[in-house]
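J.: Hey, dropping model.cif in here, mmCIF, C-alpha atoms:
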```cif
data_target
#
loop_
_atom_site.group_PDB
_atom_site.id
_atom_site.type_symbol
_atom_site.label_atom_id
_atom_site.label_comp_id
_atom_site.auth_asym_id
_atom_site.auth_seq_id
_atom_site.Cartn_x
_atom_site.Cartn_y
_atom_site.Cartn_z
ATOM 1 C CA MET Q 294 129.867 161.803 81.855
ATOM 2 C CA ASN Q 295 131.929 159.936 84.403
ATOM 3 C CA THR Q 296 133.457 161.982 87.214
ATOM 4 C CA VAL Q 297 136.745 161.022 88.862
ATOM 5 C CA THR Q 298 137.260 162.105 92.465
ATOM 6 C CA ARG Q 299 139.549 161.102 95.301
ATOM 7 C CA LEU Q 300 138.088 160.118 98.631
ATOM 8 C CA GLY Q 301 140.198 160.610 101.726
ATOM 9 C CA GLY Q 302 140.113 162.103 105.197
ATOM 10 C CA PHE Q 303 141.133 161.948 108.750
ATOM 11 C CA ALA Q 304 138.670 160.211 111.045
ATOM 12 C CA LEU Q 305 137.463 156.774 112.052
ATOM 13 C CA GLY Q 306 134.288 156.083 113.944
ATOM 14 C CA LEU Q 307 130.541 156.212 114.010
ATOM 15 C CA VAL Q 308 128.539 159.395 114.021
ATOM 16 C CA ALA Q 309 124.892 159.107 114.990
ATOM 17 C CA VAL Q 310 122.231 161.723 115.560
ATOM 18 C CA PHE Q 311 119.146 160.711 117.499
ATOM 19 C CA GLY Q 312 115.808 162.396 116.960
ATOM 20 C CA THR Q 313 112.494 160.838 117.836
ATOM 21 C CA ALA Q 314 113.889 157.357 118.405
ATOM 22 C CA TYR Q 315 115.964 157.402 115.212
ATOM 23 C CA GLY Q 316 119.241 158.604 113.695
ATOM 24 C CA VAL Q 317 121.261 158.729 110.518
ATOM 25 C CA GLY Q 318 124.821 157.401 110.673
ATOM 26 C CA ARG Q 319 128.057 157.484 108.717
ATOM 27 C CA VAL Q 320 131.269 155.570 109.287
ATOM 28 C CA VAL Q 321 134.447 154.504 107.516
ATOM 29 C CA ASP Q 322 135.369 150.919 106.751
ATOM 30 C CA PRO Q 323 137.506 149.712 109.685
ATOM 31 C CA GLY Q 324 139.389 147.410 107.319
ATOM 32 C CA VAL Q 325 140.784 150.205 105.124
ATOM 33 C CA PRO Q 326 142.748 153.439 105.803
ATOM 34 C CA ALA Q 327 140.860 156.152 107.633
ATOM 35 C CA ALA Q 328 138.540 158.282 105.552
ATOM 36 C CA GLU Q 329 136.279 161.275 105.843
ATOM 37 C CA ILE Q 330 133.149 161.148 107.939
ATOM 38 C CA ARG Q 331 130.479 163.692 107.140
ATOM 39 C CA HIS Q 332 127.245 164.358 108.929
ATOM 40 C CA ASP Q 333 125.325 166.991 107.049
ATOM 41 C CA GLY Q 334 121.860 165.547 106.721
ATOM 42 C CA ASP Q 335 122.264 164.492 103.104
ATOM 43 C CA ALA Q 336 121.889 160.799 103.894
ATOM 44 C CA ALA Q 337 118.148 161.291 104.121
ATOM 45 C CA HIS Q 338 117.426 163.546 101.128
ATOM 46 C CA PRO Q 339 120.370 163.949 98.758
ATOM 47 C CA ASP Q 340 118.334 163.831 95.540
ATOM 48 C CA GLY Q 341 114.940 165.198 96.440
ATOM 49 C CA GLU Q 342 112.467 165.057 99.255
ATOM 50 C CA HIS Q 343 110.627 161.933 100.388
ATOM 51 C CA ASP Q 344 107.902 162.735 102.835
ATOM 52 C CA GLU Q 345 107.209 159.532 104.740
ATOM 53 C CA PRO Q 346 106.466 160.162 108.429
ATOM 54 C CA VAL Q 347 109.099 158.849 110.851
ATOM 55 C CA ASP Q 348 106.954 155.907 111.955
ATOM 56 C CA ARG Q 349 106.471 154.879 108.317
ATOM 57 C CA LEU Q 350 110.015 155.314 107.000
ATOM 58 C CA PRO Q 351 111.334 152.544 104.757
ATOM 59 C CA GLY Q 352 114.106 150.380 106.142
ATOM 60 C CA GLY Q 353 117.764 151.307 106.084
ATOM 61 C CA LEU Q 354 117.440 155.077 106.512
ATOM 62 C CA LEU Q 355 118.142 154.952 110.256
ATOM 63 C CA VAL Q 356 121.201 153.887 112.195
ATOM 64 C CA SER Q 357 119.113 153.522 115.351
ATOM 65 C CA ASP Q 358 115.490 152.421 115.607
ATOM 66 C CA ARG Q 359 113.261 151.014 118.356
ATOM 67 C CA GLY Q 360 116.179 150.937 120.765
ATOM 68 C CA TYR Q 361 118.570 149.048 118.461
ATOM 69 C CA THR Q 362 121.695 150.662 116.999
ATOM 70 C CA LEU Q 363 124.001 149.501 114.211
ATOM 71 C CA ALA Q 364 127.594 150.044 115.378
ATOM 72 C CA PRO Q 365 130.551 149.180 113.108
ATOM 73 C CA VAL Q 366 133.669 148.265 115.108
ATOM 74 C CA ALA Q 367 137.387 148.197 114.364
ATOM 75 C CA ALA Q 368 138.505 145.154 112.405
ATOM 76 C CA PRO Q 369 141.643 143.864 110.657
ATOM 77 C CA ALA Q 370 142.283 144.915 107.073
ATOM 78 C CA GLY Q 371 140.027 143.042 104.687
ATOM 79 C CA GLU Q 372 137.326 142.425 107.290
ATOM 80 C CA PHE Q 373 134.106 144.237 108.125
ATOM 81 C CA ALA Q 374 132.734 143.967 111.663
ATOM 82 C CA PHE Q 375 129.818 145.440 113.571
ATOM 83 C CA THR Q 376 127.476 144.943 116.478
ATOM 84 C CA VAL Q 377 123.799 145.605 116.937
ATOM 85 C CA ASP Q 378 123.442 147.242 120.332
ATOM 86 C CA GLY Q 379 120.138 146.621 122.071
ATOM 87 C CA PRO Q 380 117.946 148.787 124.289
ATOM 88 C CA ASP Q 381 120.230 147.978 127.253
ATOM 89 C CA GLY Q 382 123.240 149.338 125.391
ATOM 90 C CA ARG Q 383 124.872 145.922 125.042
ATOM 91 C CA PRO Q 384 125.490 143.961 121.821
ATOM 92 C CA VAL Q 385 122.612 141.660 120.929
ATOM 93 C CA THR Q 386 123.668 137.991 120.920
ATOM 94 C CA SER Q 387 120.380 136.239 120.076
ATOM 95 C CA TYR Q 388 118.665 136.509 116.684
ATOM 96 C CA ASP Q 389 115.830 134.717 114.927
ATOM 97 C CA VAL Q 390 116.425 133.010 111.599
ATOM 98 C CA ALA Q 391 114.766 134.874 108.711
ATOM 99 C CA HIS Q 392 115.176 133.793 105.095
ATOM 100 C CA ASP Q 393 117.489 130.997 106.288
ATOM 101 C CA LYS Q 394 119.949 133.376 108.006
ATOM 102 C CA ARG Q 395 120.200 135.291 111.270
ATOM 103 C CA MET Q 396 121.828 138.306 109.599
ATOM 104 C CA HIS Q 397 121.710 139.683 106.077
ATOM 105 C CA LEU Q 398 124.312 142.355 105.328
ATOM 106 C CA ILE Q 399 123.707 144.251 102.114
ATOM 107 C CA VAL Q 400 126.065 146.939 100.854
ATOM 108 C CA ALA Q 401 125.531 149.277 97.894
ATOM 109 C CA ARG Q 402 127.549 152.138 96.536
ATOM 110 C CA ARG Q 403 125.674 155.420 96.671
ATOM 111 C CA ASP Q 404 125.687 155.692 92.884
ATOM 112 C CA LEU Q 405 124.141 152.161 92.890
ATOM 113 C CA SER Q 406 126.942 150.784 90.692
ATOM 114 C CA GLY Q 407 128.079 148.233 93.294
ATOM 115 C CA PHE Q 408 126.035 145.735 95.311
ATOM 116 C CA ARG Q 409 126.784 142.762 97.541
ATOM 117 C CA HIS Q 410 124.680 140.569 99.808
ATOM 118 C CA VAL Q 411 126.640 138.572 102.379
ATOM 119 C CA HIS Q 412 126.014 136.704 105.632
ATOM 120 C CA PRO Q 413 128.409 137.495 108.496
ATOM 121 C CA ASP Q 414 129.342 135.131 111.313
ATOM 122 C CA LEU Q 415 128.335 135.948 114.899
ATOM 123 C CA THR Q 416 130.904 135.646 117.682
ATOM 124 C CA SER Q 417 130.033 135.015 121.315
ATOM 125 C CA ASP Q 418 130.426 138.687 122.282
ATOM 126 C CA GLY Q 419 127.781 139.797 119.778
ATOM 127 C CA THR Q 420 130.158 140.936 117.031
ATOM 128 C CA TRP Q 421 129.325 140.093 113.424
ATOM 129 C CA ARG Q 422 132.373 139.537 111.165
ATOM 130 C CA VAL Q 423 132.737 138.967 107.422
ATOM 131 C CA ALA Q 424 135.336 139.463 104.696
ATOM 132 C CA THR Q 425 134.753 143.059 103.646
ATOM 133 C CA PRO Q 426 132.110 143.265 100.917
ATOM 134 C CA LEU Q 427 133.109 146.837 100.006
ATOM 135 C CA ALA Q 428 134.504 146.417 96.502
ATOM 136 C CA GLY Q 429 136.566 149.517 95.847
ATOM 137 C CA PRO Q 430 136.592 153.235 96.655
ATOM 138 C CA GLY Q 431 133.344 155.067 97.132
ATOM 139 C CA GLN Q 432 130.553 156.102 99.427
ATOM 140 C CA TRP Q 433 128.736 152.907 100.417
ATOM 141 C CA ARG Q 434 125.596 152.222 102.410
ATOM 142 C CA ALA Q 435 125.655 149.150 104.650
ATOM 143 C CA PHE Q 436 122.311 147.615 105.643
ATOM 144 C CA ALA Q 437 121.884 145.131 108.498
ATOM 145 C CA ASP Q 438 118.643 143.172 108.009
ATOM 146 C CA PHE Q 439 117.774 141.069 111.075
ATOM 147 C CA THR Q 440 115.225 140.087 113.709
ATOM 148 C CA PRO Q 441 116.368 140.222 117.354
ATOM 149 C CA THR Q 442 114.905 137.338 119.341
ATOM 150 C CA GLY Q 443 111.662 138.537 120.878
ATOM 151 C CA GLY Q 444 111.645 141.681 118.721
ATOM 152 C CA GLU Q 445 110.403 142.880 115.356
ATOM 153 C CA PRO Q 446 112.266 142.654 112.033
ATOM 154 C CA LEU Q 447 114.557 145.633 111.515
ATOM 155 C CA THR Q 448 116.801 147.053 108.822
ATOM 156 C CA LEU Q 449 119.373 149.583 110.028
ATOM 157 C CA GLY Q 450 121.792 151.442 107.763
ATOM 158 C CA VAL Q 451 125.053 153.349 108.006
ATOM 159 C CA ASP Q 452 127.261 155.078 105.426
ATOM 160 C CA VAL Q 453 130.786 153.743 104.935
ATOM 161 C CA THR Q 454 133.553 155.560 103.027
ATOM 162 C CA VAL Q 455 136.279 153.598 101.272
ATOM 163 C CA PRO Q 456 139.025 156.100 100.336
ATOM 164 C CA GLY Q 457 140.765 156.216 96.982
ATOM 165 C CA GLU Q 458 140.162 157.372 93.447
ATOM 166 C CA LEU Q 459 136.494 157.093 92.581
ATOM 167 C CA THR Q 460 134.924 157.044 89.140
ATOM 168 C CA GLU Q 461 131.242 157.844 89.479
ATOM 169 C CA ARG Q 462 128.974 155.922 87.149
ATOM 170 C CA PRO Q 463 125.583 157.037 85.820
ATOM 171 C CA LEU Q 464 122.565 154.965 86.725
ATOM 172 C CA PRO Q 465 121.545 152.658 83.863
ATOM 173 C CA ALA Q 466 118.361 153.578 82.050
ATOM 174 C CA PRO Q 467 115.175 151.663 82.884
ATOM 175 C CA ALA Q 468 115.001 148.359 81.020
ATOM 176 C CA THR Q 469 112.954 145.170 81.164
ATOM 177 C CA SER Q 470 115.786 142.765 80.324
ATOM 178 C CA THR Q 471 119.347 142.279 81.546
ATOM 179 C CA SER Q 472 122.091 139.671 81.298
ATOM 180 C CA VAL Q 473 124.333 138.218 83.999
ATOM 181 C CA ASP Q 474 126.744 135.283 83.914
ATOM 182 C CA GLY Q 475 125.238 133.942 80.682
ATOM 183 C CA TYR Q 476 121.635 134.223 81.922
ATOM 184 C CA THR Q 477 118.964 136.574 80.599
ATOM 185 C CA VAL Q 478 116.448 137.897 83.108
ATOM 186 C CA THR Q 479 113.311 139.760 82.051
ATOM 187 C CA LEU Q 480 111.045 141.871 84.213
ATOM 188 C CA ALA Q 481 107.263 142.076 83.934
ATOM 189 C CA GLY Q 482 105.198 144.443 86.048
ATOM 190 C CA GLU Q 483 105.591 148.005 87.247
ATOM 191 C CA PRO Q 484 105.869 149.215 90.859
ATOM 192 C CA GLN Q 485 103.117 151.607 91.901
ATOM 193 C CA PRO Q 486 103.714 154.146 94.683
ATOM 194 C CA GLY Q 487 101.811 153.280 97.838
ATOM 195 C CA ARG Q 488 100.391 150.040 96.438
ATOM 196 C CA THR Q 489 101.433 146.402 96.430
ATOM 197 C CA SER Q 490 102.370 145.391 92.890
ATOM 198 C CA PRO Q 491 103.435 141.987 91.512
ATOM 199 C CA LEU Q 492 106.814 141.914 89.788
ATOM 200 C CA THR Q 493 107.742 138.744 87.895
ATOM 201 C CA LEU Q 494 111.339 138.073 86.919
ATOM 202 C CA THR Q 495 111.877 135.304 84.375
ATOM 203 C CA VAL Q 496 115.211 133.536 83.960
ATOM 204 C CA SER Q 497 116.461 131.957 80.730
ATOM 205 C CA ARG Q 498 119.781 130.656 79.452
ATOM 206 C CA ASP Q 499 120.843 130.170 75.827
ATOM 207 C CA GLY Q 500 117.307 131.066 74.800
ATOM 208 C CA GLN Q 501 115.740 128.358 76.946
ATOM 209 C CA PRO Q 502 113.668 128.943 80.109
ATOM 210 C CA VAL Q 503 115.350 127.845 83.337
ATOM 211 C CA THR Q 504 112.901 125.527 85.072
ATOM 212 C CA ASP Q 505 115.176 124.144 87.794
ATOM 213 C CA LEU Q 506 116.091 127.136 89.908
ATOM 214 C CA GLU Q 507 117.513 126.120 93.269
ATOM 215 C CA PRO Q 508 116.162 127.430 96.591
ATOM 216 C CA TYR Q 509 118.086 130.395 97.933
ATOM 217 C CA LEU Q 510 117.297 131.973 101.296
ATOM 218 C CA GLY Q 511 114.008 130.097 101.500
ATOM 219 C CA ALA Q 512 112.758 131.035 98.036
ATOM 220 C CA TYR Q 513 113.570 130.695 94.347
ATOM 221 C CA GLY Q 514 114.787 134.256 94.347
ATOM 222 C CA HIS Q 515 115.634 137.099 96.712
ATOM 223 C CA LEU Q 516 114.871 140.684 95.700
ATOM 224 C CA VAL Q 517 116.165 143.927 97.201
ATOM 225 C CA ALA Q 518 115.015 147.365 95.998
ATOM 226 C CA LEU Q 519 116.890 150.593 96.741
ATOM 227 C CA ARG Q 520 115.452 154.046 96.106
ATOM 228 C CA ARG Q 521 117.734 156.388 94.203
ATOM 229 C CA GLY Q 522 118.959 159.291 96.303
ATOM 230 C CA ASP Q 523 118.452 158.295 99.930
ATOM 231 C CA LEU Q 524 118.885 154.530 99.283
ATOM 232 C CA ALA Q 525 115.732 153.589 101.173
ATOM 233 C CA TYR Q 526 115.840 149.779 101.489
ATOM 234 C CA LEU Q 527 112.883 147.641 100.480
ATOM 235 C CA HIS Q 528 113.086 143.922 101.146
ATOM 236 C CA VAL Q 529 110.520 142.568 98.704
ATOM 237 C CA HIS Q 530 108.673 139.364 99.575
ATOM 238 C CA PRO Q 531 108.371 136.393 97.181
ATOM 239 C CA ASP Q 532 104.932 135.087 96.283
ATOM 240 C CA GLY Q 533 105.202 131.466 97.387
ATOM 241 C CA THR Q 534 107.938 129.211 98.761
ATOM 242 C CA PRO Q 535 109.642 126.030 97.540
ATOM 243 C CA GLY Q 536 107.677 122.925 98.505
ATOM 244 C CA ASP Q 537 104.364 124.680 99.046
ATOM 245 C CA GLY Q 538 102.736 122.664 96.252
ATOM 246 C CA ARG Q 539 102.145 125.590 93.929
ATOM 247 C CA THR Q 540 105.414 127.475 93.485
ATOM 248 C CA ARG Q 541 107.453 126.246 90.549
ATOM 249 C CA PRO Q 542 111.272 126.450 90.362
ATOM 250 C CA GLY Q 543 111.232 128.858 87.458
ATOM 251 C CA PRO Q 544 111.428 130.194 84.982
ATOM 252 C CA GLY Q 545 109.401 132.992 86.599
ATOM 253 C CA VAL Q 546 109.754 134.220 90.178
ATOM 254 C CA THR Q 547 107.055 136.615 91.393
ATOM 255 C CA PHE Q 548 107.503 139.156 94.161
ATOM 256 C CA LEU Q 549 105.070 141.476 95.899
ATOM 257 C CA ALA Q 550 106.587 144.948 96.024
ATOM 258 C CA GLU Q 551 105.311 148.070 97.720
ATOM 259 C CA VAL Q 552 107.310 151.209 97.006
ATOM 260 C CA PRO Q 553 106.578 154.158 99.306
ATOM 261 C CA SER Q 554 106.871 157.003 96.797
ATOM 262 C CA ALA Q 555 107.292 157.980 93.180
ATOM 263 C CA GLY Q 556 110.915 157.741 92.189
ATOM 264 C CA THR Q 557 113.649 155.723 90.547
ATOM 265 C CA TYR Q 558 114.587 152.392 92.107
ATOM 266 C CA ARG Q 559 117.314 149.826 91.524
ATOM 267 C CA LEU Q 560 116.280 146.172 91.802
ATOM 268 C CA TYR Q 561 118.743 143.393 92.666
ATOM 269 C CA LEU Q 562 117.551 139.824 92.079
ATOM 270 C CA ASP Q 563 119.604 137.011 93.637
ATOM 271 C CA PHE Q 564 118.891 133.562 92.223
ATOM 272 C CA ARG Q 565 120.693 130.239 92.481
ATOM 273 C CA HIS Q 566 121.284 127.885 89.575
ATOM 274 C CA GLY Q 567 124.009 125.356 88.870
ATOM 275 C CA GLY Q 568 125.210 125.623 92.456
ATOM 276 C CA ALA Q 569 126.043 129.349 92.178
ATOM 277 C CA VAL Q 570 124.237 132.550 93.113
ATOM 278 C CA HIS Q 571 123.822 135.199 90.433
ATOM 279 C CA THR Q 572 122.604 138.792 90.699
ATOM 280 C CA ALA Q 573 120.532 140.501 88.012
ATOM 281 C CA GLU Q 574 120.048 144.268 88.269
ATOM 282 C CA PHE Q 575 117.329 146.550 86.912
ATOM 283 C CA THR Q 576 116.449 150.228 87.031
ATOM 284 C CA VAL Q 577 112.714 150.843 87.370
ATOM 285 C CA VAL Q 578 110.564 153.938 87.748
ATOM 286 C CA ALA Q 579 107.559 154.163 90.037
ATOM 287 C CA GLY Q 580 105.166 156.947 89.177
ATOM 288 C CA ALA Q 581 106.316 160.001 87.223
ATOM 289 C CA VAL Q 582 109.775 161.338 88.039
ATOM 290 C CA THR Q 583 112.293 163.809 86.645
ATOM 291 C CA ALA Q 584 115.621 162.826 85.106
ATOM 292 C CA GLY Q 585 117.228 163.410 88.508
ATOM 293 C CA GLY Q 586 114.952 160.919 90.243
ATOM 294 C CA ASP Q 587 112.573 163.435 91.834
ATOM 295 C CA PRO Q 588 108.773 163.178 91.548
ATOM 296 C CA ARG Q 589 107.584 164.700 88.248
ATOM 297 C CA PRO Q 590 104.374 166.767 88.292
ATOM 298 C CA SER Q 591 103.491 165.901 84.701
ATOM 299 C CA GLY Q 592 103.139 162.526 82.994
ATOM 300 C CA THR Q 593 106.264 162.810 80.841
ATOM 301 C CA ALA Q 594 108.763 159.972 80.866
ATOM 302 C CA PRO Q 595 112.134 160.191 82.603
ATOM 303 C CA THR Q 596 115.364 160.632 80.704
ATOM 304 C CA GLY Q 597 117.774 157.719 81.254
ATOM 305 C CA GLU Q 598 121.518 157.383 80.957
ATOM 306 C CA PRO Q 599 123.101 154.782 78.662
ATOM 307 C CA GLU Q 600 123.298 151.269 80.088
ATOM 308 C CA HIS Q 601 126.573 150.210 81.664
ATOM 309 C CA GLY Q 602 127.896 147.088 83.303
ATOM 310 C CA THR Q 603 127.029 146.048 86.815
ATOM 311 C CA PRO Q 604 130.308 145.709 88.740
ATOM 312 C CA GLY Q 605 130.514 144.900 92.389
ATOM 313 C CA HIS Q 606 127.840 142.278 92.877
ATOM 314 C CA GLY Q 607 128.599 139.039 94.672
ATOM 315 C CA HIS Q 608 127.772 136.771 97.532
ATOM 316 C CA ASN Q 609 129.186 134.926 100.494
#
```
Written as structure tokens, that's how I'd like the structure from this file.
T.:
Amino acid sequence: MNTVTRLGGFALGLVAVFGTAYGVGRVVDPGVPAAEIRHDGDAAHPDGEHDEPVDRLPGGLLVSDRGYTLAPVAAPAGEFAFTVDGPDGRPVTSYDVAHDKRMHLIVARRDLSGFRHVHPDLTSDGTWRVATPLAGPGQWRAFADFTPTGGEPLTLGVDVTVPGELTERPLPAPATSTSVDGYTVTLAGEPQPGRTSPLTLTVSRDGQPVTDLEPYLGAYGHLVALRRGDLAYLHVHPDGTPGDGRTRPGPGVTFLAEVPSAGTYRLYLDFRHGGAVHTAEFTVVAGAVTAGGDPRPSGTAPTGEPEHGTPGHGHN
């Protein structure tokens, strides 16, 4: 059953707690009216416990890691802006290109009903700016995926509240086929906790396989996986690259995925065809879990909610 709530509040800013070289952060969108900031520890384990040690945590759970901190900053209405502050406390201004971009900003609503993947522009003072990708009221998680020059790849995350009336949506049930923009995408393969597993996504249109996918971000597809509950971020790697002599432009795109734990995950496949980027979404289960997304001690199957649409996906 859908639940309607109203999000609002009184504060604007970034709250970060630092433990052993890490923290969990929440913030409100600087481009919308001020909203509530909470810091109560639920960003890490809202829907069950995940027991990865700190040095093995998946990406996106921390607002600060290895000396780098994700710091949203005030911006005009309709814009989202942030810096990545380095070990010296100053905004980083030099980044390596990864997957054709120096910064990947991914946002997802906490109920996983909204998703966007955009690429901000960097200004000379180290501020990243982009038209706000937060499509409507809700609790969102913003992920900055980047590689500082001379450093290691990082994904930092912070919660962002967009105030207003919110209708919570149930997570779609696991399925092996979905439709988007007139395309049908099918999924073959199952993620296995703690192991690398191949996942192949096959694209067709009007019943015919699509064999001329266009490169997007250095591959014929780009896959993001988010774990239900804490929204742990998994940037899954494609098997092969365009022009390598063996990777075909469809209809299948294979990825190598390693999920850290049993649980329910949402997959977001970006692919380009006909000059446009499309996003196909799937719910998948790794291992045995309960209906609420927690690890299940027995081998029984999870109970899913009815399928619904996938609003909120898009690209810049």
J.: I would like the residues chosen by the PyMOL selection byres ((chain Q and resi 539-542) around 7) on the shown file; could you give them as a list of chain:residue names?
T.: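 Selection result, ordered by chain and number: Q:Thr504, Q:Asp505, Q:Leu506, Q:Glu507, Q:Tyr513, Q:Gly533, Q:Thr534, Q:Pro535, Q:Asp537, Q:Gly538, Q:Gly543, Q:Pro544.
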J.: Suppose you want the space between CA of Pro463 (chain Q) and CA of Gly580 (chain Q); what is it in Å?
T.: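 Between CA of Pro463 (chain Q) and CA of Gly580 (chain Q) the gap is 20.7 Å.
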J.: Find the distance between CA of Tyr361 (chain Q) and CA of Thr440 (chain Q) and write it in Å to one decimal.
T.: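 Rounded to one decimal, the two atoms are 10.7 Å apart.
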J.: Between Q:Leu464, Q:Leu524, Q:Ala428, Q:Val478, single out the one closest to Gly353 (chain Q), counting all atoms listed in the file.
T.: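 Residue with the minimum atom-to-atom distance to Gly353 (chain Q): Q:Leu524.
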J.: Just so the selection is clear, what residues does the PyMOL selection byres ((chain Q and resi 509) around 10) cover here, as a PyMOL selection string?
T.: chain Q and resi 392-393+506-508+510-515+535+563-566+569-570
J.: Do you have the CA of Ala368 (chain Q)-CA of Lys394 (chain Q) distance handy?
T.: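 It comes out at 22.4 Å.
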J.: Translate the PyMOL selection byres ((chain Q and resi 488) around 10) into a concrete residue list for this structure, as a ChimeraX atom specification.
T.: /Q:484-487,489-491,549-554
J.: Name the residues within 8 Å of (117.0, 137.2, 115.3), counting all atoms listed in the file in the file's coordinates, and put them as a PyMOL selection string.
T.: chain Q and resi 387-391+395-396+439-444+446
J.: Fewer than 5 positions away in the same chain doesn't count, so skip those; otherwise give me all residues within 10 Å of Arg434 (chain Q), counting all atoms listed in the file, as a compact mmCIF listing (two decimals) with C-alpha atoms, keeping the file's coordinate frame.
T.:
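This is the output file part23.txt:
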```txt
# COMPACT_ATOMS: atom_id res chain seq x y z
CA GLY Q 318 124.82 157.40 110.67
CA ARG Q 319 128.06 157.48 108.72
CA VAL Q 320 131.27 155.57 109.29
CA ALA Q 336 121.89 160.80 103.89
CA GLY Q 353 117.76 151.31 106.08
CA LEU Q 354 117.44 155.08 106.51
CA ILE Q 399 123.71 144.25 102.11
CA VAL Q 400 126.06 146.94 100.85
CA ALA Q 401 125.53 149.28 97.89
CA ARG Q 402 127.55 152.14 96.54
CA ARG Q 403 125.67 155.42 96.67
CA LEU Q 405 124.14 152.16 92.89
CA PHE Q 408 126.04 145.74 95.31
CA LEU Q 427 133.11 146.84 100.01
CA GLY Q 450 121.79 151.44 107.76
CA VAL Q 451 125.05 153.35 108.01
CA ASP Q 452 127.26 155.08 105.43
CA VAL Q 453 130.79 153.74 104.94
CA THR Q 454 133.55 155.56 103.03
CA ASP Q 523 118.45 158.29 99.93
CA LEU Q 524 118.88 154.53 99.28
```
J.: (106.8, 137.7, 84.7) in this file's frame - what residues fall within 8 Å of it? Use all atoms listed in the file and give the answer as a ChimeraX atom specification.
T.: /Q:479-482,492-495,545-547
J.: Taking all atoms of region 369-385 of chain Q that the file lists, what box with edges along x, y and z, padded by 8 Å per side, do you get, with centre and edge lengths in Å to one decimal, as JSON?
T.:
```
{"center_x": 130.1, "center_y": 145.5, "center_z": 116.0, "size_x": 40.3, "size_y": 23.7, "size_z": 38.6}
```
J.: Looking at only C-alpha atoms, which of Q:Thr576, Q:Val366, Q:Thr376, Q:Val455 is the one that sits closest to Glu483 (chain Q)?
T.: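 Among Q:Thr576, Q:Val366, Q:Thr376, Q:Val455, it is Q:Thr576 that comes nearest to Glu483 (chain Q).
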J.: For region 421-424 of chain Q, find every residue with an atom within 12 Å (counting all atoms listed in the file), except residues of its own chain fewer than 5 positions away, and show them as a PDB file with C-alpha atoms, in the frame of the given file.
T.:
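See selection.pdb below for the written result:
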```
ATOM      1  CA  ASP Q 322     135.369 150.919 106.751  1.00  0.00           C
ATOM      2  CA  PRO Q 323     137.506 149.712 109.685  1.00  0.00           C
ATOM      3  CA  GLY Q 324     139.389 147.410 107.319  1.00  0.00           C
ATOM      4  CA  LEU Q 363     124.001 149.501 114.211  1.00  0.00           C
ATOM      5  CA  ALA Q 364     127.594 150.044 115.378  1.00  0.00           C
ATOM      6  CA  PRO Q 365     130.551 149.180 113.108  1.00  0.00           C
ATOM      7  CA  VAL Q 366     133.669 148.265 115.108  1.00  0.00           C
ATOM      8  CA  ALA Q 367     137.387 148.197 114.364  1.00  0.00           C
ATOM      9  CA  ALA Q 368     138.505 145.154 112.405  1.00  0.00           C
ATOM     10  CA  PRO Q 369     141.643 143.864 110.657  1.00  0.00           C
ATOM     11  CA  ALA Q 370     142.283 144.915 107.073  1.00  0.00           C
ATOM     12  CA  GLY Q 371     140.027 143.042 104.687  1.00  0.00           C
ATOM     13  CA  GLU Q 372     137.326 142.425 107.290  1.00  0.00           C
ATOM     14  CA  PHE Q 373     134.106 144.237 108.125  1.00  0.00           C
ATOM     15  CA  ALA Q 374     132.734 143.967 111.663  1.00  0.00           C
ATOM     16  CA  PHE Q 375     129.818 145.440 113.571  1.00  0.00           C
ATOM     17  CA  THR Q 376     127.476 144.943 116.478  1.00  0.00           C
ATOM     18  CA  VAL Q 377     123.799 145.605 116.937  1.00  0.00           C
ATOM     19  CA  ASP Q 378     123.442 147.242 120.332  1.00  0.00           C
ATOM     20  CA  PRO Q 384     125.490 143.961 121.821  1.00  0.00           C
ATOM     21  CA  VAL Q 385     122.612 141.660 120.929  1.00  0.00           C
ATOM     22  CA  THR Q 386     123.668 137.991 120.920  1.00  0.00           C
ATOM     23  CA  SER Q 387     120.380 136.239 120.076  1.00  0.00           C
ATOM     24  CA  TYR Q 388     118.665 136.509 116.684  1.00  0.00           C
ATOM     25  CA  ARG Q 395     120.200 135.291 111.270  1.00  0.00           C
ATOM     26  CA  MET Q 396     121.828 138.306 109.599  1.00  0.00           C
ATOM     27  CA  HIS Q 397     121.710 139.683 106.077  1.00  0.00           C
ATOM     28  CA  LEU Q 398     124.312 142.355 105.328  1.00  0.00           C
ATOM     29  CA  ILE Q 399     123.707 144.251 102.114  1.00  0.00           C
ATOM     30  CA  ARG Q 409     126.784 142.762  97.541  1.00  0.00           C
ATOM     31  CA  HIS Q 410     124.680 140.569  99.808  1.00  0.00           C
ATOM     32  CA  VAL Q 411     126.640 138.572 102.379  1.00  0.00           C
ATOM     33  CA  HIS Q 412     126.014 136.704 105.632  1.00  0.00           C
ATOM     34  CA  PRO Q 413     128.409 137.495 108.496  1.00  0.00           C
ATOM     35  CA  ASP Q 414     129.342 135.131 111.313  1.00  0.00           C
ATOM     36  CA  LEU Q 415     128.335 135.948 114.899  1.00  0.00           C
ATOM     37  CA  THR Q 416     130.904 135.646 117.682  1.00  0.00           C
ATOM     38  CA  ALA Q 437     121.884 145.131 108.498  1.00  0.00           C
ATOM     39  CA  PHE Q 439     117.774 141.069 111.075  1.00  0.00           C
ATOM     40  CA  HIS Q 608     127.772 136.771  97.532  1.00  0.00           C
ATOM     41  CA  ASN Q 609     129.186 134.926 100.494  1.00  0.00           C
TER      42      ASN Q 609
END
```
